[in-house]
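Participant: My structure is in entry-v2.cif, and what it holds is mmCIF, N, CA and C atoms:
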data_input
loop_
_atom_site.label_atom_id
_atom_site.label_comp_id
_atom_site.auth_asym_id
_atom_site.auth_seq_id
_atom_site.Cartn_x
_atom_site.Cartn_y
_atom_site.Cartn_z
N MET W 795 113.64 63.63 19.08
CA MET W 795 112.65 62.65 18.69
C MET W 795 112.76 62.32 17.21
N LYS W 796 112.95 63.37 16.35
CA LYS W 796 113.10 63.12 14.92
C LYS W 796 114.36 62.31 14.63
N THR W 797 115.41 62.60 15.37
CA THR W 797 116.66 61.88 15.18
C THR W 797 116.47 60.40 15.52
N MET W 798 115.78 60.11 16.60
CA MET W 798 115.54 58.74 17.01
C MET W 798 114.69 58.01 15.97
N THR W 799 113.69 58.67 15.43
CA THR W 799 112.83 58.08 14.39
C THR W 799 113.65 57.80 13.14
N SER W 800 114.49 58.74 12.76
CA SER W 800 115.34 58.56 11.59
C SER W 800 116.29 57.39 11.77
N ILE W 801 116.87 57.26 12.95
CA ILE W 801 117.78 56.16 13.24
C ILE W 801 117.03 54.83 13.16
N LEU W 802 115.84 54.78 13.72
CA LEU W 802 115.06 53.55 13.68
C LEU W 802 114.67 53.16 12.26
N VAL W 803 114.29 54.14 11.45
CA VAL W 803 113.94 53.87 10.06
C VAL W 803 115.17 53.36 9.30
N LEU W 804 116.30 54.00 9.50
CA LEU W 804 117.53 53.58 8.85
C LEU W 804 117.93 52.18 9.29
N LEU W 805 117.82 51.89 10.56
CA LEU W 805 118.14 50.57 11.08
C LEU W 805 117.21 49.51 10.49
N ALA W 806 115.92 49.80 10.41
CA ALA W 806 114.96 48.86 9.85
C ALA W 806 115.26 48.59 8.37
N ALA W 807 115.60 49.63 7.63
CA ALA W 807 115.93 49.47 6.22
C ALA W 807 117.19 48.63 6.05
N THR W 808 118.18 48.87 6.88
CA THR W 808 119.42 48.11 6.81
C THR W 808 119.18 46.64 7.11
N ILE W 809 118.40 46.37 8.13
CA ILE W 809 118.11 44.98 8.49
C ILE W 809 117.32 44.30 7.39
N SER W 810 116.36 44.99 6.80
CA SER W 810 115.53 44.36 5.77
C SER W 810 116.32 44.08 4.50
N LEU W 811 117.36 44.85 4.23
CA LEU W 811 118.16 44.64 3.03
C LEU W 811 119.34 43.70 3.23
N THR W 812 119.63 43.36 4.46
CA THR W 812 120.75 42.47 4.73
C THR W 812 120.47 41.11 4.13
N GLY W 813 121.41 40.61 3.35
CA GLY W 813 121.28 39.29 2.77
C GLY W 813 120.50 39.25 1.47
N CYS W 814 120.22 40.38 0.86
CA CYS W 814 119.46 40.38 -0.38
C CYS W 814 120.18 39.62 -1.49
N ASN W 815 121.49 39.61 -1.49
CA ASN W 815 122.23 38.92 -2.53
C ASN W 815 122.57 37.48 -2.18
N GLU W 816 122.15 37.03 -1.02
CA GLU W 816 122.43 35.66 -0.62
C GLU W 816 121.32 34.76 -1.11
N ALA W 817 121.58 33.45 -1.09
CA ALA W 817 120.58 32.48 -1.51
C ALA W 817 119.35 32.58 -0.61
N ASP W 818 118.21 32.40 -1.22
CA ASP W 818 116.95 32.47 -0.47
C ASP W 818 116.73 31.14 0.24
N THR W 819 116.95 31.13 1.55
CA THR W 819 116.81 29.90 2.32
C THR W 819 115.39 29.68 2.80
N SER W 820 114.50 30.65 2.60
CA SER W 820 113.12 30.46 3.02
C SER W 820 112.37 29.53 2.07
N HIS W 821 112.85 29.39 0.85
CA HIS W 821 112.26 28.50 -0.13
C HIS W 821 113.34 27.53 -0.61
N PRO W 822 113.39 26.33 -0.01
CA PRO W 822 114.43 25.39 -0.42
C PRO W 822 114.24 24.99 -1.89
N PRO W 823 115.31 24.59 -2.55
CA PRO W 823 115.20 24.23 -3.96
C PRO W 823 114.27 23.03 -4.15
N LYS W 824 113.63 22.99 -5.29
CA LYS W 824 112.77 21.87 -5.64
C LYS W 824 113.66 20.67 -5.99
N THR W 825 113.17 19.49 -5.67
CA THR W 825 113.94 18.27 -5.96
C THR W 825 113.69 17.81 -7.40
N VAL W 826 114.54 16.91 -7.85
CA VAL W 826 114.37 16.33 -9.19
C VAL W 826 113.01 15.65 -9.28
N SER W 827 112.66 14.86 -8.27
CA SER W 827 111.37 14.15 -8.31
C SER W 827 110.20 15.13 -8.30
N TRP W 828 110.34 16.25 -7.59
CA TRP W 828 109.26 17.24 -7.60
C TRP W 828 109.06 17.80 -9.00
N PHE W 829 110.17 18.18 -9.65
CA PHE W 829 110.07 18.69 -11.02
C PHE W 829 109.51 17.61 -11.95
N PHE W 830 109.91 16.37 -11.77
CA PHE W 830 109.43 15.27 -12.61
C PHE W 830 107.91 15.13 -12.50
N GLU W 831 107.38 15.36 -11.32
CA GLU W 831 105.94 15.23 -11.08
C GLU W 831 105.16 16.50 -11.42
N HIS W 832 105.82 17.62 -11.58
CA HIS W 832 105.17 18.91 -11.87
C HIS W 832 105.73 19.46 -13.18
N ARG W 833 105.25 18.93 -14.28
CA ARG W 833 105.84 19.24 -15.60
C ARG W 833 105.65 20.70 -16.00
N ASP W 834 104.55 21.32 -15.62
CA ASP W 834 104.36 22.74 -15.97
C ASP W 834 105.41 23.62 -15.29
N GLU W 835 105.64 23.36 -14.01
CA GLU W 835 106.64 24.11 -13.26
C GLU W 835 108.04 23.80 -13.77
N LEU W 836 108.26 22.57 -14.22
CA LEU W 836 109.54 22.19 -14.83
C LEU W 836 109.80 23.04 -16.06
N ALA W 837 108.79 23.19 -16.91
CA ALA W 837 108.95 23.99 -18.12
C ALA W 837 109.27 25.45 -17.79
N VAL W 838 108.61 25.98 -16.78
CA VAL W 838 108.86 27.37 -16.37
C VAL W 838 110.29 27.51 -15.85
N ALA W 839 110.73 26.57 -15.02
CA ALA W 839 112.08 26.63 -14.47
C ALA W 839 113.13 26.51 -15.57
N LEU W 840 112.91 25.59 -16.50
CA LEU W 840 113.88 25.42 -17.59
C LEU W 840 113.97 26.67 -18.45
N LYS W 841 112.84 27.33 -18.70
CA LYS W 841 112.86 28.57 -19.47
C LYS W 841 113.66 29.65 -18.74
N ALA W 842 113.43 29.77 -17.43
CA ALA W 842 114.17 30.77 -16.65
C ALA W 842 115.67 30.46 -16.66
N CYS W 843 116.01 29.20 -16.57
CA CYS W 843 117.43 28.81 -16.58
C CYS W 843 118.07 29.10 -17.93
N ARG W 844 117.33 28.87 -19.01
CA ARG W 844 117.86 29.16 -20.35
C ARG W 844 117.96 30.65 -20.61
N ASP W 845 117.02 31.42 -20.06
CA ASP W 845 117.00 32.86 -20.28
C ASP W 845 118.15 33.58 -19.57
N ASN W 846 118.65 33.03 -18.48
CA ASN W 846 119.71 33.68 -17.71
C ASN W 846 120.72 32.65 -17.21
N PRO W 847 121.40 31.95 -18.13
CA PRO W 847 122.31 30.89 -17.70
C PRO W 847 123.53 31.40 -16.94
N GLY W 848 123.95 32.61 -17.22
CA GLY W 848 125.11 33.15 -16.52
C GLY W 848 124.91 33.25 -15.02
N GLN W 849 123.70 33.56 -14.62
CA GLN W 849 123.41 33.72 -13.20
C GLN W 849 122.75 32.48 -12.60
N LEU W 850 121.96 31.75 -13.39
CA LEU W 850 121.14 30.69 -12.82
C LEU W 850 121.60 29.26 -13.11
N ALA W 851 122.45 29.07 -14.10
CA ALA W 851 122.76 27.72 -14.57
C ALA W 851 123.21 26.76 -13.46
N LYS W 852 123.96 27.26 -12.51
CA LYS W 852 124.49 26.37 -11.48
C LYS W 852 123.72 26.42 -10.17
N THR W 853 122.54 27.05 -10.19
CA THR W 853 121.73 27.09 -8.99
C THR W 853 121.07 25.72 -8.80
N PRO W 854 120.75 25.36 -7.56
CA PRO W 854 120.13 24.05 -7.32
C PRO W 854 118.86 23.81 -8.13
N ASN W 855 118.01 24.82 -8.28
CA ASN W 855 116.78 24.60 -9.04
C ASN W 855 117.06 24.32 -10.51
N CYS W 856 118.03 25.00 -11.10
CA CYS W 856 118.35 24.75 -12.51
C CYS W 856 119.01 23.38 -12.69
N VAL W 857 119.90 23.04 -11.79
CA VAL W 857 120.55 21.72 -11.86
C VAL W 857 119.48 20.63 -11.73
N ASN W 858 118.59 20.78 -10.76
CA ASN W 858 117.55 19.77 -10.54
C ASN W 858 116.54 19.75 -11.69
N ALA W 859 116.20 20.90 -12.23
CA ALA W 859 115.27 20.95 -13.36
C ALA W 859 115.88 20.28 -14.59
N ASN W 860 117.15 20.51 -14.84
CA ASN W 860 117.80 19.86 -15.98
C ASN W 860 117.88 18.35 -15.80
N GLU W 861 118.15 17.90 -14.60
CA GLU W 861 118.18 16.47 -14.34
C GLU W 861 116.78 15.86 -14.50
N ALA W 862 115.76 16.57 -14.03
CA ALA W 862 114.39 16.10 -14.20
C ALA W 862 114.03 16.02 -15.68
N ARG W 863 114.46 17.02 -16.47
CA ARG W 863 114.22 16.99 -17.91
C ARG W 863 114.84 15.76 -18.53
N ASN W 864 116.05 15.41 -18.10
CA ASN W 864 116.70 14.20 -18.61
C ASN W 864 115.90 12.96 -18.26
N LYS W 865 115.38 12.89 -17.04
CA LYS W 865 114.58 11.74 -16.63
C LYS W 865 113.27 11.68 -17.41
N VAL W 866 112.66 12.82 -17.68
CA VAL W 866 111.44 12.86 -18.47
C VAL W 866 111.72 12.32 -19.87
N THR W 867 112.83 12.74 -20.45
CA THR W 867 113.20 12.28 -21.79
C THR W 867 113.38 10.77 -21.82
N VAL W 868 114.09 10.23 -20.85
CA VAL W 868 114.31 8.78 -20.77
C VAL W 868 112.97 8.05 -20.61
N GLN W 869 112.11 8.58 -19.73
CA GLN W 869 110.81 7.96 -19.51
C GLN W 869 109.97 7.98 -20.78
N GLU W 870 109.98 9.09 -21.51
CA GLU W 870 109.23 9.18 -22.75
C GLU W 870 109.76 8.22 -23.80
N MET W 871 111.07 8.03 -23.84
CA MET W 871 111.66 7.06 -24.77
C MET W 871 111.25 5.64 -24.41
N LYS W 872 111.27 5.32 -23.13
CA LYS W 872 110.83 3.99 -22.69
C LYS W 872 109.37 3.76 -23.04
N ASP W 873 108.54 4.77 -22.79
CA ASP W 873 107.11 4.65 -23.10
C ASP W 873 106.87 4.47 -24.59
N ALA W 874 107.66 5.13 -25.42
CA ALA W 874 107.51 5.03 -26.87
C ALA W 874 107.88 3.63 -27.37
N LEU W 875 108.77 2.94 -26.68
CA LEU W 875 109.20 1.60 -27.09
C LEU W 875 108.24 0.51 -26.66
N LYS W 876 107.28 0.83 -25.84
CA LYS W 876 106.34 -0.18 -25.35
C LYS W 876 105.34 -0.54 -26.41
#
For the file at hand, write its structure as structure tokens.
Facilitator:
Amino acid sequence: MKTMTSILVLLAATISLTGCNEADTSHPPKTVSWFFEHRDELAVALKACRDNPGQLAKTPNCVNANEARNKVTVQEMKDALK
């Protein structure tokens, strides 16, 4: 009985850890337009991307956050010229 319990615990742990290093597909990346509309979250994402560029720079969220930052900058320049 103890052996069976140990096997089940080990199996459960193995299954729960499978895929820990893979991309998290339960939370799809935020889009450029989403970041553009949520400036506070954009700032948080950009800070995280700057803090760990070696690991995060090419992730979809960092790419999209950087593109949204570019669009925000262009929009602010257009608004300033009005």
Participant: Please provide as a list in words all residues within 7 Å of Pro823 (chain W), with the sequence filter that same-chain residues fewer than 2 positions apart are discarded (counting all atoms listed in the file).
Facilitator: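 Counting only the stated atoms, we get His821, Thr825, Pro854 and Asn855 of chain W.
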Participant: Pull out every residue that the PyMOL selection byres ((chain W and resi 832-844) around 8) matches in the shown coordinates and put them as a list in words.
Facilitator: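 Output from the PyMOL selection byres ((chain W and resi 832-844) around 8), applied to this file: Val826, Ser827, Trp828, Phe829, Phe830, Glu831, Asp845, Asn846, Pro847, Gly848, Gln849, Leu850, Ala851, Lys852, Asn855, Cys856, Val857, Ala859, Asn860, Ala862 and Arg863 of chain W.
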Participant: Report, in Å to a single decimal, how far apart atom C of Lys824 (chain W) and atom N of Val866 (chain W) are.
Facilitator: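 So the answer is 14.1 Å.
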Participant: Draw an axis-aligned box over all listed atoms of region 843-855 of chain W, pad each side with 8 Å, and write its centre and edge lengths in Å, one decimal, as lines of an AutoDock Vina configuration file.
Facilitator:
center_x = 120.6
center_y = 28.8
center_z = -14.0
size_x = 25.1
size_y = 25.9
size_z = 29.3
Participant: What is the CA of Ala874 (chain W) to CA of Glu861 (chain W) distance in Å?
Facilitator: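 Spanning CA of Ala874 (chain W) to CA of Glu861 (chain W) is a straight-line distance of 20.0 Å.
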Participant: Please indicate the distance in Å from atom N of Glu870 (chain W) to CA of Asn858 (chain W), rounded to one decimal place.
Facilitator: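 Going from atom N of Glu870 (chain W) over to CA of Asn858 (chain W), I get 17.1 Å.
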